[in-house]
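Asks: Sharing a structure, written as structure tokens. Questions coming.
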Amino acid sequence: MSAIHVLRKLSRKPPSRLHRNLLASTFSMDLPPDLARTTLIRPFLNHPTHRLIPSCFRQSRPLPNPVSLREFSTSVVETKNFERVVGLSPNPLVIERIHKDTGESVSGGEIQIEESLVVREESEAEKEAWRILEDAVVRYCGSPVGTVAANDPGDKLPLNYDQVFIRDFVPSALAFLLKGEGEIVRNFLLHTLQLQSWEKTVDCYSPGQGLMPASFKVRTVALDENTTEEVLDPDFGESAIGRVAPVDSGLWWIILLRAYGKLTGDFSLQERIDVQTGIKLIMNLCLADGFDMFPTLLVTDGSCMIDRRMGIHGHPLEIQSLFYSALRCSREMLSVNDSSNNLVRAINNRLSALSFHIREYYWVDIKKINEIYRYKTEEYSTDATNKFNIYPEQIPPWLMDWIPEQGGYLLGNLQPAHMDFRFFTLGNFWSVVSSLSTPKQNEAILNLIEAKWDDIIGHMPLKICYPALEYDDWRIITGSDPKNTPWSYHNSGSWPTLLWQFTLACMKMGRPELAEKALALAEKRLMADRWPEYYDTRSGKFIGKQSRLYQTWTVAGFLTSKLLLANPEMASKLFWEEDYELLDICVCGLSKSGRKKCSRVAAKTQILVR
Ligand code: GLC
């Protein structure tokens, strides 16, 4: 059996430590050195005595440059562009490009990000933003691998803001990619991949394999009196406030991996065997069987951007929309073969069930609120209208007046006898971007933003959620959190970083003028206010109470919005249109058996016309 054959077999499921050791002892000699290192480094990394990732100092070659199975087996990779990529040099971004028709070598240099990038005169704010972003770059063994969360010179207690956060890096990555710089993103994706299989424990308990860290830090440790080395130290939530596992990290990693391919045209990264394994590990973790009755992902409070107690445990929209996007990305990126067939099938089924569930049960507009208002309760049957036994008294008084005639949104969360009617911005925008919601719902979400401009945008885009939890709600739901007081921080503070997601949603829906208006508002203040992390008060008038200044994702979100608006073609590579095939998949089989009615089939016509 060849090494390749063994790797193919192993890639069907994550290799166990025993398998990897076996592979190491049997095949390390006939594997290309890069591949041997990537595959075999994991048992070593997983060893509990190695808390930190081995540094560049210990490695025989700098990370990361392993080749993919396809590359070393054939040396020729057909890219989705009109070119072939031949071979791979030790520099991760240097490839030889062969023109498809003429056979000529087009360039031996860096991957051309996109010839169509628009060059514009930059404003003062943009110039400063680029300077700050460049200064935020973190290097590991001399190579750029990410950006710190904040670089506030006045901050005496940076806590973990001096780390590279996975979710914070996404707008930085997009800004770099849209500017034509791919190296930092590629390095980031590969280094975080190495951290994925870390031995992670909180009080001797380990979460599932495949978890991506919330953040990591490059530390310099002394080997002896004269020598030091750099190491990567990840945090999987074991040091974070609340000690919550960052469910969104792996989802963002997958989304960024796809974006990297789409914007650079370098699809060889996602085709690599270790990267494919990384995608599979994340997907397996998300798709693992549990006690769930719903296709939504069940998580603890604070497992995403809102990373402390805010009453978003259960099935929060933000996680569901990122989950849906990551499923769509994985479906696009996974190589279909014997080892991935079952996973791809599971992904398709989940995509279809998830979109049905969210479109049907999370959607609220004036008509739906009226329906809920008249709900019968305590319905015992499989075809109940009020499936989650929602008591109409739960509809908050503010909502009755607030909901516009035109427009609607997706609920923040749905649980038995509980609807969280708060409007959560990231989840709604990301549902638009990924087509988790229907085309009509997408329109309606933007209509709502327009109608409720003063509440969601006000003086500074964008409210993280609306409205704030006050009085007893604040006391009970946040646990009296002094950082999350009403209209501050996660409790309805305004976060300029959300601009880029708003921009993408507006561009997808053909309404860039909305994003331009919000961006202009932000541009007036951000530089003068020194790029705060968030703003406080109902209308976002004041810099946040405990807000960091020179917050990197504020800077990067601003730049990314600018670049997206200037490059609509590039922006279009980052969103998804409705997938009609997915809508046809119904796996429950009930409609065929005839014994019971399939509620999905019954509801489908209704959901599609909405
Ligand atoms: C805060 C935010 C979180 C962010 C981190 C770094 O913890 O809640 O979303 O990733 O800061 O900026």
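Ligands are numbered from 1 in the order shown, residues from 1 within each chain, and chains are lettered A, B, ... in the order they appear in the structure tokens.
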Quick one: residues within 6 Å of ligand 1, with only C-alpha atoms and all ligand atoms, as number ranges by chain?
Replies: A: 149, 161, 165, 167-168, 305-307
Asks: What lies within 7 Å of Gly314 of chain A using only C-alpha atoms, ignoring chain neighbours under 6 positions off, as a PyMOL selection string?
Replies: chain A and resi 298-300+415
Asks: Just write the chosen residues, N, CA and C atoms, as a PDB file, in the first residue's frame.
Replies:
```
ATOM      1  N   LEU A 298     -26.883  23.894  18.594  1.00  0.00           N
ATOM      2  CA  LEU A 298     -27.148  24.218  20.002  1.00  0.00           C
ATOM      3  C   LEU A 298     -25.843  24.654  20.680  1.00  0.00           C
ATOM      4  N   VAL A 299     -25.822  25.858  21.208  1.00  0.00           N
ATOM      5  CA  VAL A 299     -24.571  26.370  21.794  1.00  0.00           C
ATOM      6  C   VAL A 299     -24.816  27.033  23.148  1.00  0.00           C
ATOM      7  N   THR A 300     -23.737  27.284  23.843  1.00  0.00           N
ATOM      8  CA  THR A 300     -23.856  27.990  25.130  1.00  0.00           C
ATOM      9  C   THR A 300     -23.852  29.506  24.886  1.00  0.00           C
ATOM     10  N   GLN A 415     -36.461  28.922  21.167  1.00  0.00           N
ATOM     11  CA  GLN A 415     -36.380  27.777  22.088  1.00  0.00           C
ATOM     12  C   GLN A 415     -37.806  27.383  22.451  1.00  0.00           C
TER      13      GLN A 415
END
```
Asks: Would you mind listing, for every residue of segment 121-193 of chain A within 10 Å of segment 500-517 of chain A, the two atoms forming the shortest contact and the distance between them in Å to one decimal, using only C-alpha atoms, sorted by chain and ascending residue number, as CSV?
Replies:
```
residue,atom,partner,partner_atom,distance
A:Pro171,CA,A:Trp500,CA,7.4
A:Leu174,CA,A:Trp500,CA,9.6
A:Ala175,CA,A:Trp500,CA,10.0
```
Asks: Output N, CA, C and O atoms of each residue in that selection to a file, as a PDB file, in the first residue's frame.
Replies:
```pdb
ATOM      1  N   PRO A 171     -12.190  40.738   8.814  1.00  0.00           N
ATOM      2  CA  PRO A 171     -12.160  41.975   8.012  1.00  0.00           C
ATOM      3  C   PRO A 171     -10.749  42.416   7.638  1.00  0.00           C
ATOM      4  O   PRO A 171     -10.537  42.959   6.550  1.00  0.00           O
ATOM      5  N   LEU A 174      -9.850  40.382   4.630  1.00  0.00           N
ATOM      6  CA  LEU A 174     -10.528  40.818   3.406  1.00  0.00           C
ATOM      7  C   LEU A 174      -9.918  42.114   2.886  1.00  0.00           C
ATOM      8  O   LEU A 174      -9.736  42.284   1.678  1.00  0.00           O
ATOM      9  N   ALA A 175      -9.566  43.013   3.812  1.00  0.00           N
ATOM     10  CA  ALA A 175      -8.933  44.262   3.366  1.00  0.00           C
ATOM     11  C   ALA A 175      -7.622  43.934   2.646  1.00  0.00           C
ATOM     12  O   ALA A 175      -7.358  44.451   1.554  1.00  0.00           O
TER      13      ALA A 175
END
```
Asks: Determine, counting only C-alpha atoms, which protein, DNA and RNA residues have an atom within 9 Å of an atom of Cys329 of chain A; residues of the same chain fewer than 3 positions away are not included. Present the result as a short mmCIF file (atom, residue, chain, number, x, y, z; two decimals) with N, CA and C atoms, in the first residue's frame.
Replies:
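Below is the file around.cif, written as the result:
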```cif
data_model
loop_
_atom_site.label_atom_id
_atom_site.label_comp_id
_atom_site.auth_asym_id
_atom_site.auth_seq_id
_atom_site.Cartn_x
_atom_site.Cartn_y
_atom_site.Cartn_z
N ILE A 254 -13.55 28.60 7.92
CA ILE A 254 -14.00 28.01 6.65
C ILE A 254 -14.44 29.12 5.68
N ILE A 255 -15.16 30.11 6.21
CA ILE A 255 -15.64 31.21 5.35
C ILE A 255 -14.45 31.97 4.75
N LEU A 257 -11.41 30.79 4.30
CA LEU A 257 -10.71 29.91 3.37
C LEU A 257 -11.33 30.01 1.97
N ARG A 258 -12.65 30.01 1.92
CA ARG A 258 -13.32 30.14 0.63
C ARG A 258 -13.05 31.53 0.02
N TYR A 324 -24.65 28.09 8.50
CA TYR A 324 -25.20 27.90 7.15
C TYR A 324 -24.15 28.30 6.10
N SER A 325 -23.50 29.44 6.33
CA SER A 325 -22.48 29.89 5.38
C SER A 325 -21.33 28.89 5.31
N ALA A 326 -20.91 28.40 6.47
CA ALA A 326 -19.79 27.45 6.49
C ALA A 326 -20.17 26.14 5.81
N GLU A 332 -18.82 23.61 -1.34
CA GLU A 332 -18.08 24.05 -2.51
C GLU A 332 -16.64 23.54 -2.51
N MET A 333 -16.04 23.48 -1.32
CA MET A 333 -14.59 23.25 -1.26
C MET A 333 -14.18 21.78 -1.08
N LEU A 334 -15.06 20.97 -0.49
CA LEU A 334 -14.64 19.59 -0.22
C LEU A 334 -14.49 18.81 -1.52
#
```
Asks: Looking at only C-alpha atoms, which of A:Arg350, A:Arg530, A:Arg422, A:Lys463 is the one that sits closest to Val555 of chain A?
Replies: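 Among the listed residues, A:Arg530 lies closest to Val555 of chain A.
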